[in-house]
file work_23.csv (CSV, C-alpha atoms (C1' of nucleotides))
chain,number,residue,atom,x,y,z
A,1,MET,CA,0.0,0.0,0.0
A,2,ASN,CA,2.7,2.5,-1.0
A,3,ILE,CA,1.0,4.3,-3.8
A,4,LYS,CA,1.3,8.0,-3.8
A,5,LYS,CA,-1.3,8.7,-6.5
A,6,ALA,CA,-3.6,6.2,-8.1
A,7,ASN,CA,-2.7,6.2,-11.7
A,8,CYS,CA,-5.5,6.1,-14.2
A,9,GLU,CA,-3.2,5.1,-17.1
A,10,THR,CA,-2.1,1.9,-15.3
A,11,CYS,CA,-5.4,1.3,-13.5
A,12,ILE,CA,-6.9,-2.1,-14.2
A,13,ASN,CA,-10.5,-1.3,-13.3
A,14,GLN,CA,-12.1,-1.6,-16.6
A,15,ASN,CA,-15.5,-0.9,-15.1
A,16,CYS,CA,-14.5,2.5,-13.7
A,17,LEU,CA,-16.4,5.3,-15.5
A,18,ILE,CA,-13.3,7.5,-15.5
A,19,LYS,CA,-11.2,4.7,-17.0
A,20,ILE,CA,-13.8,4.1,-19.7
A,21,ASN,CA,-13.8,7.7,-20.6
A,22,LEU,CA,-10.1,8.3,-19.9
A,23,LYS,CA,-9.2,9.8,-23.3
A,24,SER,CA,-11.6,12.7,-23.0
A,25,VAL,CA,-11.2,13.2,-19.3
A,26,LYS,CA,-7.4,13.3,-19.7
A,27,SER,CA,-7.3,15.6,-22.7
A,28,LEU,CA,-9.5,18.2,-20.9
A,29,GLY,CA,-7.1,18.2,-18.0
A,30,TYR,CA,-9.4,16.8,-15.4
A,31,LEU,CA,-7.0,14.2,-14.1
A,32,GLU,CA,-5.0,17.1,-12.5
A,33,SER,CA,-7.9,17.6,-10.2
A,34,LYS,CA,-8.1,14.0,-9.0
A,35,ARG,CA,-7.0,13.3,-5.5
A,36,THR,CA,-5.9,10.0,-4.0
A,37,ILE,CA,-7.1,9.1,-0.6
A,38,ILE,CA,-5.9,6.1,1.5
A,39,CYS,CA,-8.5,4.8,3.9
A,40,ARG,CA,-7.6,2.2,6.4
A,41,LYS,CA,-9.9,-0.7,7.3
A,42,SER,CA,-13.0,0.5,9.2
A,43,GLN,CA,-12.3,4.1,8.6
A,44,SER,CA,-15.1,6.2,7.2
A,45,PHE,CA,-14.7,8.5,4.2
A,46,ILE,CA,-18.3,9.7,4.0
A,47,LEU,CA,-20.3,10.6,7.1
A,48,GLU,CA,-24.1,10.7,7.1
A,49,GLY,CA,-25.2,14.3,7.5
A,50,SER,CA,-22.0,15.9,6.4
A,51,PRO,CA,-22.0,18.3,3.4
A,52,VAL,CA,-21.5,16.8,0.0
A,53,HIS,CA,-18.0,17.3,-1.1
A,54,GLY,CA,-17.5,15.1,-4.1
A,55,LEU,CA,-17.5,11.7,-5.6
A,56,PHE,CA,-15.3,8.7,-4.8
A,57,PHE,CA,-14.1,5.9,-7.0
A,58,ILE,CA,-12.6,2.8,-5.5
A,59,TYR,CA,-9.1,2.3,-6.9
A,60,ASP,CA,-8.3,-0.8,-4.8
A,61,GLY,CA,-10.2,-2.1,-1.9
A,62,LYS,CA,-13.7,-2.6,-0.5
A,63,ALA,CA,-16.3,-0.4,1.2
A,64,LYS,CA,-19.8,-0.6,2.6
A,65,VAL,CA,-22.4,2.1,2.1
A,66,TYR,CA,-25.0,2.4,4.8
A,67,SER,CA,-27.5,4.7,6.5
A,68,ARG,CA,-28.2,4.9,10.2
A,69,GLY,CA,-31.5,3.3,11.2
A,70,ILE,CA,-33.4,3.2,14.4
A,71,GLN,CA,-32.1,1.7,17.6
A,72,GLY,CA,-28.5,1.7,16.4
A,73,ARG,CA,-29.3,-0.7,13.6
A,74,ASP,CA,-27.6,0.3,10.3
A,75,GLN,CA,-29.0,-0.5,6.9
A,76,ILE,CA,-26.3,-1.4,4.5
A,77,ILE,CA,-27.3,-0.1,1.1
A,78,ARG,CA,-24.6,-1.7,-0.9
A,79,PHE,CA,-21.0,-2.9,-1.0
A,80,ALA,CA,-18.5,-1.4,-3.4
A,81,GLY,CA,-15.4,-2.9,-4.9
A,82,ASN,CA,-12.7,-2.0,-7.4
A,83,GLY,CA,-13.9,0.6,-9.9
A,84,ASP,CA,-17.1,1.3,-8.1
A,85,ILE,CA,-18.6,4.7,-7.4
A,86,VAL,CA,-19.4,5.9,-3.9
A,87,GLY,CA,-21.2,9.0,-3.0
A,88,HIS,CA,-23.1,9.5,-6.3
A,89,ARG,CA,-26.4,10.2,-4.6
A,90,GLY,CA,-25.2,13.4,-3.2
A,91,LEU,CA,-23.7,14.7,-6.4
A,92,LEU,CA,-26.7,16.4,-8.0
A,93,THR,CA,-28.6,17.4,-4.9
A,94,PHE,CA,-25.8,19.3,-3.2
A,95,GLU,CA,-27.3,18.8,0.2
A,96,SER,CA,-25.8,16.6,2.8
A,97,TYR,CA,-24.9,12.9,2.5
A,98,ARG,CA,-27.8,10.5,3.4
A,99,ILE,CA,-25.3,7.7,3.8
A,100,SER,CA,-22.1,6.8,5.4
A,101,ALA,CA,-19.3,5.0,3.7
A,102,THR,CA,-16.7,2.9,5.5
A,103,ALA,CA,-13.8,0.9,4.2
A,104,VAL,CA,-14.1,-2.8,5.1
A,105,GLU,CA,-10.4,-3.3,4.2
A,106,ASP,CA,-7.5,-1.0,3.5
A,107,THR,CA,-8.7,0.9,0.5
A,108,ILE,CA,-7.3,3.4,-2.0
A,109,LEU,CA,-9.8,5.9,-3.2
A,110,CYS,CA,-9.9,8.4,-6.1
A,111,HIS,CA,-11.8,11.6,-5.4
A,112,PHE,CA,-13.2,14.4,-7.5
A,113,SER,CA,-14.9,17.4,-6.1
A,114,SER,CA,-18.5,18.0,-7.0
A,115,GLU,CA,-17.5,21.1,-9.0
A,116,VAL,CA,-15.0,19.3,-11.1
A,117,LEU,CA,-17.2,16.3,-11.6
A,118,LEU,CA,-20.2,18.4,-12.8
A,119,GLU,CA,-17.9,20.2,-15.2
A,120,MET,CA,-16.7,16.9,-16.5
A,121,LEU,CA,-20.3,15.7,-17.0
A,122,HIS,CA,-21.0,18.8,-19.0
A,123,SER,CA,-18.1,18.4,-21.3
A,124,VAL,CA,-17.9,14.6,-21.6
A,125,ALA,CA,-21.2,13.4,-22.9
A,126,ASN,CA,-20.3,9.7,-22.8
A,127,LEU,CA,-19.4,10.1,-19.1
A,128,SER,CA,-22.8,11.6,-18.4
A,129,PHE,CA,-24.5,8.7,-20.3
A,130,ASP,CA,-22.5,6.1,-18.4
A,131,LEU,CA,-23.3,7.7,-15.1
A,132,MET,CA,-27.0,7.8,-16.1
A,133,LYS,CA,-26.9,4.1,-16.9
A,134,PHE,CA,-25.3,3.5,-13.5
A,135,TYR,CA,-28.1,5.5,-11.8
A,136,ALA,CA,-30.7,3.5,-13.6
A,137,GLU,CA,-29.1,0.2,-12.6
A,138,GLU,CA,-28.9,1.3,-8.9
A,139,LEU,CA,-32.5,2.4,-9.0
A,140,GLN,CA,-33.5,-1.0,-10.4
A,141,ARG,CA,-31.6,-2.7,-7.6
A,142,SER,CA,-33.2,-0.5,-5.1
A,143,GLU,CA,-36.7,-1.4,-6.3
A,144,ASP,CA,-35.8,-5.1,-6.3
A,145,LYS,CA,-34.7,-4.7,-2.7
A,146,VAL,CA,-38.0,-3.3,-1.6
A,147,ARG,CA,-39.7,-6.3,-3.1
A,148,LYS,CA,-37.3,-8.7,-1.6
A,149,PHE,CA,-37.7,-7.2,1.9
A,150,SER,CA,-41.5,-7.6,1.7
A,151,GLN,CA,-41.7,-11.0,0.0
A,152,MET,CA,-38.7,-13.0,1.2
A,153,ASP,CA,-38.4,-14.6,4.6
A,154,VAL,CA,-35.2,-14.3,6.7
A,155,ARG,CA,-33.5,-17.4,5.3
A,156,GLU,CA,-34.1,-16.2,1.7
A,157,ARG,CA,-32.8,-12.7,2.5
A,158,VAL,CA,-29.7,-14.1,4.0
A,159,ILE,CA,-29.0,-16.3,1.0
A,160,ASP,CA,-29.8,-13.4,-1.2
A,161,ALA,CA,-27.3,-11.2,0.7
A,162,LEU,CA,-24.6,-13.9,0.2
A,163,MET,CA,-25.4,-14.1,-3.5
A,164,TYR,CA,-25.1,-10.4,-3.8
A,165,ILE,CA,-21.7,-10.4,-2.1
A,166,ILE,CA,-20.5,-13.3,-4.2
A,167,LYS,CA,-21.6,-11.5,-7.4
A,168,LYS,CA,-19.8,-8.4,-6.3
A,169,PHE,CA,-16.5,-9.8,-4.9
A,170,GLY,CA,-16.4,-13.4,-6.2
A,171,THR,CA,-15.1,-16.5,-4.5
A,172,THR,CA,-11.7,-18.2,-4.1
A,173,LYS,CA,-11.8,-21.9,-3.8
A,174,GLY,CA,-15.5,-21.5,-2.9
A,175,PHE,CA,-14.7,-19.0,-0.1
A,176,ILE,CA,-16.4,-15.6,-0.4
A,177,ASN,CA,-13.8,-12.9,-1.0
A,178,LEU,CA,-15.0,-10.7,1.8
A,179,LYS,CA,-14.5,-11.0,5.5
A,180,VAL,CA,-18.1,-10.1,6.4
A,181,SER,CA,-19.4,-10.3,9.9
A,182,ARG,CA,-22.8,-11.7,10.9
A,183,ARG,CA,-23.7,-8.2,11.9
A,184,GLU,CA,-23.0,-6.8,8.4
A,185,ILE,CA,-25.0,-9.6,6.7
A,186,ALA,CA,-27.8,-8.8,9.1
A,187,ASP,CA,-27.6,-5.1,8.3
A,188,PHE,CA,-27.7,-5.8,4.6
A,189,ALA,CA,-30.5,-8.4,4.8
A,190,GLY,CA,-32.6,-6.4,7.2
A,191,THR,CA,-32.5,-8.8,10.2
A,192,THR,CA,-30.5,-9.4,13.4
A,193,GLU,CA,-27.1,-11.0,13.8
A,194,ASP,CA,-28.9,-13.8,15.8
A,195,GLN,CA,-31.0,-14.7,12.8
A,196,VAL,CA,-28.0,-14.7,10.5
A,197,THR,CA,-26.1,-17.0,12.9
A,198,ARG,CA,-29.1,-19.3,12.9
A,199,VAL,CA,-29.5,-19.4,9.2
A,200,LEU,CA,-25.8,-19.8,8.5
A,201,SER,CA,-25.5,-22.7,10.9
A,202,LYS,CA,-28.6,-24.3,9.5
A,203,LEU,CA,-27.1,-24.0,6.0
A,204,ASN,CA,-23.9,-25.4,7.4
A,205,GLN,CA,-25.8,-28.4,8.8
A,206,GLU,CA,-27.5,-28.9,5.4
A,207,LYS,CA,-24.1,-28.9,3.8
A,208,LEU,CA,-25.0,-26.0,1.5
A,209,ILE,CA,-22.2,-23.9,2.9
A,210,HIS,CA,-19.2,-24.5,5.0
A,211,LEU,CA,-18.2,-22.2,7.9
A,212,GLU,CA,-14.5,-21.9,8.7
A,213,LYS,CA,-13.7,-19.2,11.3
A,214,LYS,CA,-15.2,-16.1,9.8
A,215,LEU,CA,-15.0,-17.2,6.3
A,216,ILE,CA,-17.9,-18.7,4.4
A,217,GLN,CA,-17.4,-21.4,1.8
A,218,ILE,CA,-20.1,-22.2,-0.7
A,219,VAL,CA,-20.5,-25.9,-1.0
A,220,ASN,CA,-23.6,-26.3,-3.0
A,221,MET,CA,-24.2,-23.2,-5.1
A,222,LYS,CA,-26.9,-25.0,-7.2
A,223,MET,CA,-29.1,-25.7,-4.2
A,224,LEU,CA,-28.6,-22.2,-2.8
A,225,LEU,CA,-29.6,-20.6,-6.1
A,226,ASN,CA,-32.8,-22.8,-6.1
A,227,GLU,CA,-34.1,-21.2,-3.0
A,228,PRO,CA,-34.6,-17.4,-3.3
A,229,SER,CA,-37.2,-16.4,-5.8
A,230,SER,CA,-35.0,-13.6,-7.1
B,1,DT,C1',-1.0,-10.0,27.6
B,2,DC,C1',-5.3,-7.9,28.6
B,3,DA,C1',-9.4,-5.6,27.0
B,4,DT,C1',-12.9,-5.2,23.7
B,5,DT,C1',-15.9,-7.1,20.4
B,6,DA,C1',-18.2,-10.9,17.8
B,7,DA,C1',-20.3,-15.4,17.6
B,8,DT,C1',-22.9,-18.9,19.6
B,9,DC,C1',-26.0,-21.1,22.7
B,10,DG,C1',-29.9,-21.6,25.9
B,11,DC,C1',-33.9,-20.0,27.6
B,12,DA,C1',-38.3,-17.4,27.8
B,13,DC,C1',-42.1,-15.6,25.4
C,1,DG,C1',-40.0,-18.0,15.1
C,2,DT,C1',-37.9,-14.0,17.7
C,3,DG,C1',-35.4,-11.4,21.3
C,4,DC,C1',-32.4,-11.2,25.3
C,5,DG,C1',-28.5,-12.4,28.4
C,6,DA,C1',-24.6,-15.4,29.5
C,7,DT,C1',-20.6,-17.9,27.9
C,8,DT,C1',-17.0,-18.6,24.8
C,9,DA,C1',-14.0,-17.4,20.9
C,10,DA,C1',-11.4,-14.1,18.4
C,11,DT,C1',-9.4,-9.8,17.5
C,12,DG,C1',-6.4,-5.9,18.2
C,13,DA,C1',-4.0,-2.3,21.1

call {"tool": "encode", "arguments": {"input": "work_23.csv", "output": "structure tokens"}}
result
Amino acid sequence: MNIKKANCETCINQNCLIKINLKSVKSLGYLESKRTIICRKSQSFILEGSPVHGLFFIYDGKAKVYSRGIQGRDQIIRFAGNGDIVGHRGLLTFESYRISATAVEDTILCHFSSEVLLEMLHSVANLSFDLMKFYAEELQRSEDKVRKFSQMDVRERVIDALMYIIKKFGTTKGFINLKVSRREIADFAGTTEDQVTRVLSKLNQEKLIHLEKKLIQIVNMKMLLNEPSS
DNA sequence: TCATTAATCGCAC
DNA sequence: GTGCGATTAATGA
């Protein structure tokens, strides 16, 4: 983790909107305005309620985006990995952030101020289009989530949460590439850590997954996929 | 090593 | 099936 400035030229995140539009962004000189921020594990880089100050891209690492709920329960909105955008909701409203974002492992972030980013959107049409597409996808996911919360039971929501994390971060030898706590799964699936513990140990008994320390190994993906009606 | 936090279990409702 | 407290395991300062 000895990178002074995240370099877009050598960046391997092909899904990053800046990387995709690098030619235009670079030729207009916007890369000069990019800042690199290093965020250690469990440090927050966006605080709910603080004024919007720009947009983040994950260069290398993982983060969770969540909002404070009632009784100290958080609602995890999404996880973000390499190339993902964080803080986009605040961009066009210019109010304060409605979410917090915290690194779940040591993370390198690229940051653009709102002013610079809005200028970029005005001058690089493709970037605007890509961002619009991204907003649409997020809205779709958000709508799906509402449906899932009302129609799925706890077990299904926990499995769905695992599937989401796997889709986002993948697996290594079956192990999910994210050290996620029961609490975090609960906050994502809208339940309690007790429930998550119960569901996971049940799945463990049923040999659909394998629990090793804090890591979760998927044993029978086929059976898992058969369950939630997503 | 000690202190704090997370995970699990048992029990009550 | 769900929530709470106690016990145990794991983490990090």

call {"tool": "closest_atom_pairs", "arguments": {"input": "work_23.csv", "of": "chain B", "to": "chain A", "cutoff": "10 Å", "atoms": "only C-alpha atoms (C1' of nucleotides)", "output": "Markdown table"}}
result
| residue | atom | partner | partner_atom | distance |
| --- | --- | --- | --- | --- |
| B:DA6 | C1' | A:Ser181 | CA | 8.0 |
| B:DA7 | C1' | A:Thr197 | CA | 7.6 |
| B:DT8 | C1' | A:Thr197 | CA | 7.7 |

call {"tool": "atom_distance", "arguments": {"input": "work_23.csv", "atom1": "atom CA of A:Ile38", "atom2": "atom C1' of B:DA3"}}
result
28.3 Å

call {"tool": "residues_near_point", "arguments": {"input": "work_23.csv", "point": "(-19.4, 2.4, -18.1)", "cutoff": "12 Å", "atoms": "only C-alpha atoms (C1' of nucleotides)", "output": "PDB file with C-alpha atoms, keeping the file's coordinate frame"}}
result
ATOM      1  CA  ASN A  13     -10.500  -1.300 -13.300  1.00  0.00           C
ATOM      2  CA  GLN A  14     -12.100  -1.600 -16.600  1.00  0.00           C
ATOM      3  CA  ASN A  15     -15.500  -0.900 -15.100  1.00  0.00           C
ATOM      4  CA  CYS A  16     -14.500   2.500 -13.700  1.00  0.00           C
ATOM      5  CA  LEU A  17     -16.400   5.300 -15.500  1.00  0.00           C
ATOM      6  CA  ILE A  18     -13.300   7.500 -15.500  1.00  0.00           C
ATOM      7  CA  LYS A  19     -11.200   4.700 -17.000  1.00  0.00           C
ATOM      8  CA  ILE A  20     -13.800   4.100 -19.700  1.00  0.00           C
ATOM      9  CA  ASN A  21     -13.800   7.700 -20.600  1.00  0.00           C
ATOM     10  CA  LEU A  22     -10.100   8.300 -19.900  1.00  0.00           C
ATOM     11  CA  GLY A  83     -13.900   0.600  -9.900  1.00  0.00           C
ATOM     12  CA  ASP A  84     -17.100   1.300  -8.100  1.00  0.00           C
ATOM     13  CA  ILE A  85     -18.600   4.700  -7.400  1.00  0.00           C
ATOM     14  CA  ASN A 126     -20.300   9.700 -22.800  1.00  0.00           C
ATOM     15  CA  LEU A 127     -19.400  10.100 -19.100  1.00  0.00           C
ATOM     16  CA  SER A 128     -22.800  11.600 -18.400  1.00  0.00           C
ATOM     17  CA  PHE A 129     -24.500   8.700 -20.300  1.00  0.00           C
ATOM     18  CA  ASP A 130     -22.500   6.100 -18.400  1.00  0.00           C
ATOM     19  CA  LEU A 131     -23.300   7.700 -15.100  1.00  0.00           C
ATOM     20  CA  MET A 132     -27.000   7.800 -16.100  1.00  0.00           C
ATOM     21  CA  LYS A 133     -26.900   4.100 -16.900  1.00  0.00           C
ATOM     22  CA  PHE A 134     -25.300   3.500 -13.500  1.00  0.00           C
ATOM     23  CA  TYR A 135     -28.100   5.500 -11.800  1.00  0.00           C
ATOM     24  CA  GLU A 137     -29.100   0.200 -12.600  1.00  0.00           C
TER      25      GLU A 137
END

call {"tool": "atom_distance", "arguments": {"input": "work_23.csv", "atom1": "atom CA of A:Gln195", "atom2": "atom CA of A:Asp106"}}
result
28.7 Å

call {"tool": "atom_distance", "arguments": {"input": "work_23.csv", "atom1": "atom CA of A:Ala80", "atom2": "atom CA of A:Thr107"}}
result
10.8 Å

call {"tool": "residues_near_point", "arguments": {"input": "work_23.csv", "point": "(-2.7, -0.5, 21.2)", "cutoff": "12 Å", "atoms": "all atoms listed in the file", "output": "JSON, numbers by chain"}}
result
{"B": [1, 2, 3, 4], "C": [12, 13]}

call {"tool": "residues_around", "arguments": {"input": "work_23.csv", "residues": "A:Lys64", "least_positions_apart": "5", "cutoff": "6 Å", "atoms": "only C-alpha atoms (C1' of nucleotides)", "output": "list in words"}}
result
Phe79, Ala101 and Thr102 of chain A

call {"tool": "interface_residues", "arguments": {"input": "work_23.csv", "of": "chain C", "to": "chain A", "cutoff": "12 Å", "atoms": "only C-alpha atoms (C1' of nucleotides)", "output": "MDAnalysis selection string"}}
result
chainID C and resid 1:4 9:11
